[in-house]
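**Q** Structure file protein13.txt (compact mmCIF, C-alpha atoms) right here:
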# COMPACT_ATOMS: atom_id res chain seq x y z
CA MET A 1 -57.60 93.93 30.39
CA TRP A 2 -54.12 95.48 30.35
CA ALA A 3 -53.09 93.27 33.27
CA ALA A 4 -54.49 90.16 31.52
CA GLY A 5 -52.63 91.07 28.30
CA ALA A 6 -49.37 91.56 30.15
CA GLN A 7 -49.84 88.25 31.93
CA ARG A 8 -50.48 86.53 28.62
CA ARG A 9 -47.38 88.10 27.04
CA ALA A 10 -45.24 87.19 30.06
CA GLY A 11 -46.59 83.60 29.91
CA LEU A 12 -45.84 83.33 26.21
CA ALA A 13 -42.31 84.70 26.71
CA LEU A 14 -41.73 82.20 29.51
CA ALA A 15 -43.01 79.32 27.35
CA ALA A 16 -40.82 80.44 24.43
CA ALA A 17 -37.75 80.63 26.68
CA ALA A 18 -38.48 77.16 28.09
CA ALA A 19 -38.95 75.73 24.55
CA ALA A 20 -35.67 77.30 23.41
CA ALA A 21 -33.81 75.88 26.44
CA LEU A 22 -35.34 72.45 25.76
CA ALA A 23 -34.34 72.60 22.06
CA LEU A 24 -30.76 73.58 23.00
CA ALA A 25 -30.53 70.73 25.55
CA LEU A 26 -31.89 68.24 22.98
CA ALA A 27 -29.41 69.42 20.34
CA ALA A 28 -26.51 69.07 22.82
CA TRP A 29 -27.75 65.57 23.79
CA ARG A 30 -27.82 64.58 20.10
CA ARG A 31 -24.38 66.06 19.47
CA ARG A 32 -22.70 64.23 22.39
CA ARG A 33 -20.03 61.82 21.16
CA GLN A 34 -21.34 58.27 21.04
CA PRO A 35 -18.83 55.70 22.36
CA VAL A 36 -17.22 53.65 19.59
CA ARG A 37 -18.69 50.12 19.46
CA GLU A 38 -17.30 48.00 16.65
CA VAL A 39 -16.87 44.29 15.95
CA LEU A 40 -14.26 42.98 13.50
CA PHE A 41 -14.27 39.38 12.27
CA PHE A 42 -11.37 37.44 10.80
CA PRO A 43 -9.97 35.93 8.57
CA SER A 44 -9.48 39.37 7.07
CA ARG A 45 -9.93 39.85 3.34
CA LEU A 46 -6.46 40.18 1.77
CA SER A 47 -5.76 43.83 1.09
CA CYS A 48 -2.75 46.13 0.69
CA THR A 49 -2.06 48.13 3.87
CA GLU A 50 1.10 49.86 2.56
CA GLU A 51 -0.55 53.18 1.77
CA LEU A 52 -2.32 53.26 5.13
CA LEU A 53 0.98 52.68 6.98
CA ALA A 54 3.02 55.04 4.77
CA GLU A 55 0.39 57.76 5.16
CA ALA A 56 0.48 57.34 8.95
CA ALA A 57 4.29 57.54 8.82
CA GLY A 58 4.05 60.74 6.77
CA THR A 59 6.28 59.42 3.99
CA GLY A 60 4.17 60.79 1.16
CA ALA A 61 2.47 57.57 0.10
CA ALA A 62 -0.07 59.36 -2.06
CA ALA A 63 2.74 60.44 -4.42
CA ARG A 64 4.21 56.91 -4.70
CA PRO A 65 1.40 54.33 -4.73
CA CYS A 66 2.36 50.77 -3.73
CA PRO A 67 3.03 48.59 -6.80
CA CYS A 68 1.92 45.29 -5.15
CA PRO A 69 -0.89 43.31 -6.79
CA LEU A 70 -3.07 43.01 -3.64
CA PRO A 71 -6.53 44.59 -3.83
CA ARG A 72 -7.11 48.00 -2.16
CA GLY A 73 -9.90 48.89 0.19
CA ASP A 74 -11.18 48.31 3.68
CA CYS A 75 -10.73 45.01 5.52
CA SER A 76 -10.68 43.86 9.15
CA LEU A 77 -6.89 44.29 9.34
CA SER A 78 -6.96 47.84 7.92
CA ARG A 79 -9.73 48.79 10.36
CA LEU A 80 -7.74 47.37 13.27
CA LEU A 81 -4.64 49.29 12.06
CA ARG A 82 -6.64 52.54 11.84
CA ARG A 83 -7.93 52.15 15.42
CA LEU A 84 -4.37 51.62 16.67
CA LEU A 85 -2.94 54.48 14.62
CA SER A 86 -5.47 56.85 16.19
CA ALA A 87 -3.33 56.78 19.39
CA ARG A 88 -1.98 60.21 20.34
CA ARG A 89 -0.67 59.77 23.89
CA SER A 90 -0.47 56.14 25.08
CA LEU A 91 -0.79 52.54 23.94
CA GLU A 92 -0.87 49.55 26.28
CA ILE A 93 -0.53 46.15 24.60
CA CYS A 94 -1.06 42.81 26.36
CA LEU A 95 -0.60 40.00 23.83
CA PHE A 96 0.04 36.27 23.96
CA ALA A 97 1.59 36.18 20.47
CA PHE A 98 2.70 39.09 18.27
CA SER A 99 4.24 38.34 14.85
CA SER A 100 2.24 40.44 12.34
CA PRO A 101 4.71 42.72 10.48
CA GLN A 102 1.99 45.27 9.67
CA LEU A 103 0.86 45.59 13.30
CA GLY A 104 4.52 45.65 14.39
CA ARG A 105 5.23 48.55 12.01
CA ALA A 106 2.17 50.42 13.30
CA VAL A 107 3.36 50.07 16.91
CA GLN A 108 6.92 51.23 16.04
CA LEU A 109 5.47 54.16 14.12
CA LEU A 110 3.43 55.25 17.16
CA HIS A 111 6.54 54.95 19.36
CA ARG A 112 8.49 57.19 16.95
CA ARG A 113 5.60 59.65 16.96
CA GLY A 114 6.04 60.03 20.75
CA VAL A 115 3.16 57.83 21.93
CA ARG A 116 4.06 56.07 25.21
CA VAL A 117 3.97 52.38 24.21
CA ARG A 118 4.15 49.57 26.79
CA VAL A 119 3.98 45.89 25.84
CA VAL A 120 3.27 42.80 27.99
CA THR A 121 3.70 39.37 26.42
CA ASP A 122 4.13 35.65 27.10
CA ALA A 123 7.68 34.44 27.79
CA GLN A 124 7.31 31.23 25.77
CA TYR A 125 5.96 32.87 22.61
CA MET A 126 8.11 36.01 22.48
CA GLY A 127 11.18 34.10 21.27
CA LEU A 128 9.48 32.16 18.46
CA ARG A 129 10.58 32.75 14.86
CA GLY A 130 8.84 35.78 13.37
CA SER A 131 7.96 37.33 16.73
CA GLN A 132 7.86 41.13 16.64
CA ILE A 133 8.90 41.41 20.31
CA GLY A 134 12.66 41.54 19.60
CA LEU A 135 12.15 44.28 16.99
CA LEU A 136 10.00 46.32 19.38
CA ARG A 137 12.67 46.04 22.11
CA HIS A 138 15.34 46.97 19.57
CA ALA A 139 13.34 50.09 18.69
CA GLY A 140 13.43 51.11 22.36
CA ILE A 141 9.89 50.08 23.31
CA GLN A 142 9.40 48.79 26.86
CA VAL A 143 8.41 45.12 26.92
CA ARG A 144 7.72 42.96 29.99
CA HIS A 145 6.94 39.24 30.06
CA ASP A 146 5.58 36.67 32.49
CA GLN A 147 7.56 34.09 34.45
CA GLU A 148 4.57 31.92 35.29
CA ASN A 149 3.55 28.35 34.58
CA GLY A 150 0.36 29.43 32.86
CA TYR A 151 0.17 31.48 29.67
CA MET A 152 -0.17 35.26 29.54
CA HIS A 153 -3.07 34.61 27.18
CA HIS A 154 -4.69 38.08 26.97
CA LYS A 155 -5.06 39.69 23.54
CA PHE A 156 -5.90 43.32 24.19
CA ALA A 157 -4.68 46.87 23.60
CA ILE A 158 -5.78 50.19 25.08
CA VAL A 159 -5.52 53.41 23.04
CA ASP A 160 -5.15 56.73 24.91
CA ARG A 161 -6.64 55.13 28.05
CA ARG A 162 -10.12 55.35 26.48
CA MET A 163 -10.44 52.74 23.72
CA LEU A 164 -10.18 49.00 24.39
CA ILE A 165 -9.36 46.60 21.55
CA THR A 166 -9.86 42.99 22.67
CA GLY A 167 -10.94 39.56 21.45
CA SER A 168 -9.70 36.13 20.40
CA LEU A 169 -7.14 37.45 17.87
CA ASN A 170 -3.42 37.05 18.47
CA TRP A 171 -1.55 39.56 16.33
CA THR A 172 -0.12 36.95 13.96
CA THR A 173 -0.38 36.64 10.19
CA GLN A 174 -1.80 33.10 10.56
CA ALA A 175 -4.61 34.37 12.81
CA ILE A 176 -5.35 37.43 10.64
CA GLN A 177 -5.37 35.57 7.31
CA THR A 178 -6.68 32.06 8.08
CA ASN A 179 -8.39 31.76 11.49
CA ARG A 180 -11.96 32.49 12.56
CA GLU A 181 -11.39 35.30 15.05
CA ASN A 182 -13.11 38.31 16.60
CA VAL A 183 -12.04 41.73 17.87
CA LEU A 184 -14.23 44.16 19.80
CA VAL A 185 -13.52 47.90 19.84
CA VAL A 186 -15.02 49.40 22.99
CA GLU A 187 -15.11 52.84 24.61
CA ASP A 188 -17.56 52.16 27.44
CA ALA A 189 -15.79 52.90 30.73
CA GLU A 190 -17.32 49.77 32.37
CA TYR A 191 -14.99 47.72 30.14
CA VAL A 192 -12.01 50.04 29.60
CA LYS A 193 -11.36 50.74 33.30
CA PRO A 194 -11.04 47.07 34.46
CA PHE A 195 -8.67 46.33 31.53
CA LEU A 196 -6.54 49.39 32.37
CA ASP A 197 -6.36 48.19 35.98
CA GLU A 198 -5.49 44.64 34.81
CA PHE A 199 -2.72 46.04 32.60
CA GLU A 200 -1.18 48.12 35.42
CA ARG A 201 -1.41 45.11 37.80
CA ILE A 202 0.40 42.84 35.31
CA TRP A 203 2.90 45.58 34.38
CA GLU A 204 3.95 45.84 38.03
CA GLU A 205 3.99 42.06 38.60
CA TYR A 206 6.20 41.56 35.53
CA ASN A 207 8.65 44.30 36.58
CA PRO A 208 12.15 43.00 35.65
CA ILE A 209 13.32 43.55 39.23
CA HIS A 210 11.26 40.43 40.03
CA TYR A 211 12.70 38.29 37.18
CA ARG A 212 14.38 35.04 38.14
CA PHE A 213 16.71 33.21 35.75
CA PHE A 214 15.01 30.09 34.46
CA SER A 215 15.36 27.67 31.61
CA LYS A 216 12.73 27.66 28.86
CA ASP A 217 12.03 24.02 29.70
CA ASN A 218 10.82 24.94 33.17
CA LYS A 219 7.82 26.67 31.76
CA MET B 1 -60.36 90.07 35.95
CA TRP B 2 -62.35 86.83 35.78
CA ALA B 3 -60.83 86.12 32.36
CA ALA B 4 -57.33 86.78 33.71
CA GLY B 5 -57.94 84.50 36.72
CA ALA B 6 -59.20 81.70 34.46
CA GLN B 7 -56.19 82.11 32.20
CA ARG B 8 -53.88 81.94 35.19
CA ARG B 9 -55.61 78.82 36.52
CA ALA B 10 -55.50 77.17 33.07
CA GLY B 11 -51.81 78.04 32.76
CA LEU B 12 -51.05 76.59 36.17
CA ALA B 13 -52.99 73.40 35.38
CA LEU B 14 -51.08 73.04 32.11
CA ALA B 15 -47.72 73.53 33.85
CA ALA B 16 -48.67 70.99 36.55
CA ALA B 17 -49.70 68.42 33.90
CA ALA B 18 -46.43 68.99 32.02
CA ALA B 19 -44.40 68.61 35.23
CA ALA B 20 -46.25 65.38 36.11
CA ALA B 21 -45.64 63.95 32.61
CA LEU B 22 -41.95 64.90 32.87
CA ALA B 23 -41.65 63.24 36.31
CA LEU B 24 -43.30 60.04 35.01
CA ALA B 25 -41.00 59.94 31.96
CA LEU B 26 -37.94 60.48 34.19
CA ALA B 27 -39.03 57.68 36.56
CA ALA B 28 -39.54 55.29 33.61
CA TRP B 29 -36.12 56.27 32.22
CA ARG B 30 -34.50 55.49 35.59
CA ARG B 31 -36.38 52.19 35.94
CA ARG B 32 -35.37 50.89 32.48
CA ARG B 33 -33.21 47.75 32.68
CA GLN B 34 -29.54 48.57 32.30
CA PRO B 35 -27.69 46.17 29.97
CA VAL B 36 -25.33 43.79 31.80
CA ARG B 37 -21.68 44.88 31.39
CA GLU B 38 -19.24 42.70 33.29
CA VAL B 39 -15.56 41.79 33.00
CA LEU B 40 -14.13 38.59 34.48
CA PHE B 41 -10.38 38.01 34.81
CA PHE B 42 -8.59 34.69 35.15
CA PRO B 43 -6.87 32.70 36.62
CA SER B 44 -9.95 32.15 38.76
CA ARG B 45 -9.59 31.77 42.52
CA LEU B 46 -10.03 28.06 43.35
CA SER B 47 -13.53 27.53 44.72
CA CYS B 48 -16.07 24.70 45.00
CA THR B 49 -18.78 24.95 42.30
CA GLU B 50 -20.61 21.72 43.29
CA GLU B 51 -23.44 23.42 45.16
CA LEU B 52 -23.98 25.93 42.36
CA LEU B 53 -24.26 23.12 39.78
CA ALA B 54 -26.35 20.83 42.00
CA GLU B 55 -28.71 23.71 42.82
CA ALA B 56 -29.11 24.48 39.09
CA ALA B 57 -29.80 20.76 38.47
CA GLY B 58 -32.43 20.82 41.23
CA THR B 59 -30.90 17.90 43.12
CA GLY B 60 -31.32 19.45 46.57
CA ALA B 61 -27.74 20.57 47.15
CA ALA B 62 -28.67 22.66 50.18
CA ALA B 63 -29.60 19.47 52.11
CA ARG B 64 -26.33 17.67 51.20
CA PRO B 65 -23.43 20.15 51.20
CA CYS B 66 -20.34 19.12 49.23
CA PRO B 67 -17.68 17.58 51.52
CA CYS B 68 -14.68 18.76 49.40
CA PRO B 69 -12.04 20.93 51.07
CA LEU B 70 -12.11 23.75 48.46
CA PRO B 71 -13.13 27.20 49.72
CA ARG B 72 -16.69 28.43 49.06
CA GLY B 73 -17.67 31.78 47.59
CA ASP B 74 -17.69 33.77 44.41
CA CYS B 75 -14.93 33.48 41.81
CA SER B 76 -14.58 34.18 38.07
CA LEU B 77 -15.54 30.58 37.21
CA SER B 78 -18.67 30.61 39.40
CA ARG B 79 -19.73 33.96 37.88
CA LEU B 80 -19.23 32.58 34.37
CA LEU B 81 -21.24 29.47 35.31
CA ARG B 82 -24.08 31.63 36.71
CA ARG B 83 -24.28 33.67 33.49
CA LEU B 84 -24.49 30.46 31.43
CA LEU B 85 -27.04 28.84 33.74
CA SER B 86 -29.33 31.86 33.33
CA ALA B 87 -30.22 30.54 29.83
CA ARG B 88 -33.92 29.75 29.43
CA ARG B 89 -34.39 29.26 25.69
CA SER B 90 -31.15 29.04 23.68
CA LEU B 91 -27.39 28.78 24.00
CA GLU B 92 -24.96 29.15 21.08
CA ILE B 93 -21.37 28.14 21.83
CA CYS B 94 -18.42 28.78 19.48
CA LEU B 95 -15.24 27.50 21.14
CA PHE B 96 -11.73 26.59 20.02
CA ALA B 97 -11.14 24.27 22.99
CA PHE B 98 -13.65 22.92 25.54
CA SER B 99 -12.43 20.58 28.29
CA SER B 100 -13.66 22.10 31.58
CA PRO B 101 -15.81 19.46 33.35
CA GLN B 102 -17.76 22.12 35.29
CA LEU B 103 -18.67 24.10 32.15
CA GLY B 104 -19.45 20.81 30.36
CA ARG B 105 -21.86 19.83 33.15
CA ALA B 106 -23.53 23.24 32.99
CA VAL B 107 -24.10 22.90 29.23
CA GLN B 108 -25.51 19.36 29.59
CA LEU B 109 -27.77 20.55 32.39
CA LEU B 110 -29.18 23.33 30.20
CA HIS B 111 -29.76 20.81 27.39
CA ARG B 112 -31.71 18.54 29.80
CA ARG B 113 -33.70 21.57 30.95
CA GLY B 114 -34.93 22.06 27.36
CA VAL B 115 -32.64 24.92 26.32
CA ARG B 116 -31.73 24.67 22.61
CA VAL B 117 -27.94 24.21 22.70
CA ARG B 118 -25.76 24.41 19.57
CA VAL B 119 -21.98 24.03 19.64
CA VAL B 120 -19.35 24.96 17.04
CA THR B 121 -15.76 23.88 17.63
CA ASP B 122 -12.35 23.31 16.04
CA ALA B 123 -11.81 19.91 14.37
CA GLN B 124 -8.24 19.54 15.59
CA TYR B 125 -8.97 20.23 19.25
CA MET B 126 -12.28 18.40 19.67
CA GLY B 127 -10.58 14.98 19.76
CA LEU B 128 -7.90 15.81 22.32
CA ARG B 129 -7.86 13.96 25.64
CA GLY B 130 -10.24 15.55 28.13
CA SER B 131 -12.33 17.33 25.48
CA GLN B 132 -15.99 17.73 26.48
CA ILE B 133 -17.16 17.59 22.85
CA GLY B 134 -17.66 13.79 22.78
CA LEU B 135 -19.69 13.92 26.00
CA LEU B 136 -21.88 16.72 24.64
CA ARG B 137 -22.54 14.76 21.42
CA HIS B 138 -23.28 11.65 23.51
CA ALA B 139 -25.84 13.66 25.48
CA GLY B 140 -27.62 14.52 22.21
CA ILE B 141 -26.33 18.07 21.80
CA GLN B 142 -25.73 19.26 18.22
CA VAL B 143 -22.05 19.93 17.50
CA ARG B 144 -20.52 21.12 14.24
CA HIS B 145 -16.83 21.59 13.47
CA ASP B 146 -14.65 23.25 10.85
CA GLN B 147 -12.85 21.58 7.95
CA GLU B 148 -10.52 24.47 7.29
CA ASN B 149 -6.77 25.00 7.34
CA GLY B 150 -7.03 27.77 9.91
CA TYR B 151 -8.30 27.40 13.44
CA MET B 152 -11.89 28.00 14.52
CA HIS B 153 -10.38 30.21 17.22
CA HIS B 154 -13.47 32.04 18.55
CA LYS B 155 -14.27 31.74 22.26
CA PHE B 156 -17.81 33.01 22.67
CA ALA B 157 -21.29 31.98 23.81
CA ILE B 158 -24.67 33.68 23.40
CA VAL B 159 -27.40 33.22 26.03
CA ASP B 160 -31.06 33.60 24.97
CA ARG B 161 -29.96 35.64 21.91
CA ARG B 162 -29.36 38.67 24.18
CA MET B 163 -26.23 38.11 26.26
CA LEU B 164 -22.78 37.69 24.71
CA ILE B 165 -19.97 36.03 26.67
CA THR B 166 -16.64 36.47 24.86
CA GLY B 167 -12.93 36.93 25.44
CA SER B 168 -9.55 35.19 25.41
CA LEU B 169 -10.65 32.23 27.57
CA ASN B 170 -10.90 28.75 26.14
CA TRP B 171 -13.13 26.65 28.38
CA THR B 172 -10.30 24.48 29.71
CA THR B 173 -9.18 23.81 33.28
CA GLN B 174 -5.64 24.98 32.39
CA ALA B 175 -6.94 28.33 31.14
CA ILE B 176 -9.36 28.81 34.06
CA GLN B 177 -6.87 27.90 36.80
CA THR B 178 -3.46 29.03 35.51
CA ASN B 179 -3.65 31.48 32.56
CA ARG B 180 -4.09 35.25 32.45
CA GLU B 181 -7.42 35.52 30.62
CA ASN B 182 -10.41 37.80 30.21
CA VAL B 183 -14.13 37.35 29.57
CA LEU B 184 -16.59 40.13 28.76
CA VAL B 185 -20.31 39.77 29.45
CA VAL B 186 -22.22 42.09 27.13
CA GLU B 187 -25.87 42.84 26.40
CA ASP B 188 -25.47 45.82 24.05
CA ALA B 189 -27.12 44.94 20.75
CA GLU B 190 -24.22 46.53 18.77
CA TYR B 191 -22.09 43.58 19.92
CA VAL B 192 -24.62 40.76 20.37
CA LYS B 193 -26.16 41.04 16.87
CA PRO B 194 -22.90 40.68 14.85
CA PHE B 195 -21.89 37.67 16.96
CA LEU B 196 -25.31 36.05 16.44
CA ASP B 197 -24.93 36.60 12.69
CA GLU B 198 -21.37 35.20 12.79
CA PHE B 199 -22.63 32.10 14.64
CA GLU B 200 -25.43 31.47 12.14
CA ARG B 201 -23.00 31.96 9.22
CA ILE B 202 -20.52 29.45 10.68
CA TRP B 203 -23.32 27.04 11.68
CA GLU B 204 -24.47 26.90 8.06
CA GLU B 205 -20.94 26.67 6.61
CA TYR B 206 -20.10 23.78 8.96
CA ASN B 207 -23.31 21.88 8.10
CA PRO B 208 -22.32 18.16 7.96
CA ILE B 209 -23.76 17.89 4.45
CA HIS B 210 -20.64 19.82 3.37
CA TYR B 211 -18.15 17.59 5.26
CA ARG B 212 -15.40 15.92 3.24
CA PHE B 213 -13.42 13.00 4.59
CA PHE B 214 -9.90 14.10 5.41
CA SER B 215 -6.99 12.87 7.47
CA LYS B 216 -6.03 14.82 10.60
CA ASP B 217 -2.60 15.41 9.10
CA ASN B 218 -4.10 17.41 6.27
CA LYS B 219 -5.12 20.12 8.69
How does the structure come out when it is put into C-alpha cells?
**A**
Amino acid sequence: MWAAGAQRRAGLALAAAAAAALALALAAWRRRRQPVREVLFFPSRLSCTEELLAEAAGTGAAARPCPCPLPRGDCSLSRLLRRLLSARRSLEICLFAFSSPQLGRAVQLLHRRGVRVRVVTDAQYMGLRGSQIGLLRHAGIQVRHDQENGYMHHKFAIVDRRMLITGSLNWTTQAIQTNRENVLVVEDAEYVKPFLDEFERIWEEYNPIHYRFFSKDNK
Amino acid sequence: MWAAGAQRRAGLALAAAAAAALALALAAWRRRRQPVREVLFFPSRLSCTEELLAEAAGTGAAARPCPCPLPRGDCSLSRLLRRLLSARRSLEICLFAFSSPQLGRAVQLLHRRGVRVRVVTDAQYMGLRGSQIGLLRHAGIQVRHDQENGYMHHKFAIVDRRMLITGSLNWTTQAIQTNRENVLVVEDAEYVKPFLDEFERIWEEYNPIHYRFFSKDNK
C-alpha cells in the first residue's frame, strides 16, 4: 500500500508539473507580440496635427496648445504620422510624389533625432512646386532619384526594418485630403523582407555615380 | 499490488490517449491552409500570356501554341493574371486606370464564366484612349464611377471575397512594362475585410441614381 501511495503521489506531482509547464507555455504564447496589421483609408478627416508633431519634436506642445480652428482627434493622417514617428533607427522611403508639409516635417524630425533616413523618388515629380524633396535634401537627408523612362511609382516606407507602410497614397495634400486612397501597415516578414530588398536594389541602381546628365524633356 | 498495477496501467493508458490527442491536434495544425502572402514587383519581364489566357478560356491553347516571338515563362503579369483567374464566384475591382488588354480579357473571361464582376473606376480616366472600361461595359459588366473632385485612386481587386490584390499598380501597359510598381496578394482577414467594406461603401455612393450631369472640365 505504501508503494501504491508513493506511486500515486509521484504521478500527481508529475501531472501538476506538466500542467504548470503547459500553463506557462500558453501564457507566453498569449503574451507574444502580435504583428501590427492596420488599414488606413483616405480622404482623411481634417484634423489638427500640430500637437502631435510638436510633441514628437519635444517642443512642449502641451503647454502651448495650437490656436488653429481645425478639430482635434484621430484621423488617417495622424495615424500615419504616428506610425512614421515610431521610427528609432532607420526609415526607408520610396515615393512617387512627396509634397505633404506634415509628413515632410515628420521625416525631418526623425532625421534630427538621429534616425537614418534614406529617400528614393521619381525624377519628374521631385522638382514640382510644393515638393518636399528639396527641403529634405537641404536638411541633409540622402535622396536618390530614377533616370528611367518609366515612373518610380512605388509609395512605401519601412520603419526600423520591421514595419512596412504601403498603398495607393502619394504623400501629397491633394491625395490625403481629397482622393480615395488606401495605406496598409504591415509587420509580417513575408511582406517586409521583399520590400526591403526592393529598396536596397533601387538604392544601388539610383546611386549618383550612375547619373547621366539629361534634359527633363527626355523623360 | 493488484491495485497499484491497475493504477499504473490506467495512468499509462491516460498518458497514451493524451499523447495521441496531442499528435492529432499538431497534425491538424500543420495541415491547416496557410493564407496566401505574395509580393509582385514591376516592371514585369516581357512574356507571352496568350496560352495562359486561352487555357483559362478553354479554347484548347495546348493544341495551337501562340506563334509570337515573346519568351515564355512566369513573370509578374502572368502571376497577377493567375491570381485573378482563380476567381470562382465574385470579383470586385476598384481601379484608378485600367487599360491593359490582357487584364481586360481576363476580367471579361471571368464574367463569361459566371463570376459576378463589379468595377469601380475614376470618371476622368475611364474615357481616355485605350481604357478597358468601355469594353467591359459593352460586355455587360457593371461599372460605377466617381463624381468627386478628388481622384478615385485605389488600385485593388478582391477575389471570391477572400483574396485581396492591392498596391501601387494601375492596370495599364505602361505601368506593367515600364514603371517601378508593387502588388501585394493577401488573404489575412484583417486586410481583406476593411477593403471589402470600402468597396461596398464606394459601390453604394457611386450608385447611378446619385449621378449628376457635369462637364469634364468641372472635375
**Q** Quick one: distance from CA of Ala23 in chain A to CA of Arg31 in chain B in Å, one decimal?
**A**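 CA of Arg31 in chain B lies 24.8 Å from CA of Ala23 in chain A.
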**Q** For a test of reading the model, state the distance in Å between CA of Ala17 in chain A and CA of Ala28 in chain B, rounded to one decimal.
**A** 26.3 Å
**Q** Show me, as a PyMOL selection string, the residues of chain A whose atoms get within 8 Å of chain B, using all atoms listed in the file for the distance check.
**A** chain A and resi 1+3-4+7+37-39+149-155+166-169+174-175+178-182+184+190-191+194
**Q** One decimal, Å: what's the distance from CA of Val119 in chain A over to CA of Leu95 in chain A, could you say?
**A**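 So the answer is 7.7 Å.
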**Q** Out of A:Ser86, A:Ser131, A:Ser44, A:Gln34, which residue has the shortest atom-to-atom distance to Ala106 in chain A when counting all atoms listed in the file?
**A**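 For Ala106 in chain A, the nearest of the candidates is A:Ser86.
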**Q** Measuring between all atoms listed in the file, which one of B:Ala157, B:Leu77, B:Ile209, B:Ala139 shows the shortest distance to Leu53 in chain B?
**A**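 Of the candidates, the smallest distance to Leu53 in chain B is held by B:Leu77.
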**Q** Got a sec: who's within 7 Å of Leu85 in chain A, counting only C-alpha atoms, leaving out chain neighbours fewer than 3 positions off, as a list of chain:residue names?
**A**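 Everything that qualifies: A:Leu81, A:Arg82, A:Ala106, A:Leu110.
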**Q** Could you give me range 87-102 of chain A completed to N, CA and C atoms, formatted as a CSV table (one decimal), keeping the file's coordinate frame?
**A**
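Printed below is rebuild27.csv as written:
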chain,number,residue,atom,x,y,z
A,87,ALA,N,-3.9,56.5,18.1
A,87,ALA,CA,-3.3,56.8,19.4
A,87,ALA,C,-2.5,58.1,19.3
A,88,ARG,N,-2.7,58.9,20.3
A,88,ARG,CA,-2.0,60.2,20.3
A,88,ARG,C,-1.1,60.3,21.6
A,89,ARG,N,-1.4,59.6,22.7
A,89,ARG,CA,-0.7,59.8,23.9
A,89,ARG,C,-0.1,58.4,24.4
A,90,SER,N,-0.9,57.4,24.4
A,90,SER,CA,-0.5,56.1,25.1
A,90,SER,C,-1.1,54.9,24.4
A,91,LEU,N,-0.3,53.8,24.5
A,91,LEU,CA,-0.8,52.5,23.9
A,91,LEU,C,-0.3,51.4,24.8
A,92,GLU,N,-1.2,50.7,25.5
A,92,GLU,CA,-0.9,49.6,26.3
A,92,GLU,C,-1.2,48.3,25.5
A,93,ILE,N,-0.3,47.4,25.4
A,93,ILE,CA,-0.5,46.2,24.6
A,93,ILE,C,-0.3,45.0,25.5
A,94,CYS,N,-1.2,44.0,25.5
A,94,CYS,CA,-1.1,42.8,26.4
A,94,CYS,C,-1.4,41.6,25.5
A,95,LEU,N,-0.4,40.9,24.9
A,95,LEU,CA,-0.6,40.0,23.8
A,95,LEU,C,0.1,38.7,24.0
A,96,PHE,N,-0.6,37.6,23.9
A,96,PHE,CA,0.0,36.3,24.0
A,96,PHE,C,1.1,36.1,22.8
A,97,ALA,N,0.7,36.4,21.6
A,97,ALA,CA,1.6,36.2,20.5
A,97,ALA,C,1.5,37.4,19.5
A,98,PHE,N,2.7,37.9,19.1
A,98,PHE,CA,2.7,39.1,18.3
A,98,PHE,C,3.8,38.9,17.2
A,99,SER,N,3.3,38.5,16.0
A,99,SER,CA,4.2,38.3,14.8
A,99,SER,C,3.8,39.1,13.6
A,100,SER,N,2.7,39.8,13.6
A,100,SER,CA,2.2,40.4,12.3
A,100,SER,C,3.2,41.6,12.0
A,101,PRO,N,3.8,41.6,10.8
A,101,PRO,CA,4.7,42.7,10.5
A,101,PRO,C,4.0,44.0,10.4
A,102,GLN,N,2.7,44.0,9.8
A,102,GLN,CA,2.0,45.3,9.7
A,102,GLN,C,1.7,45.9,11.0
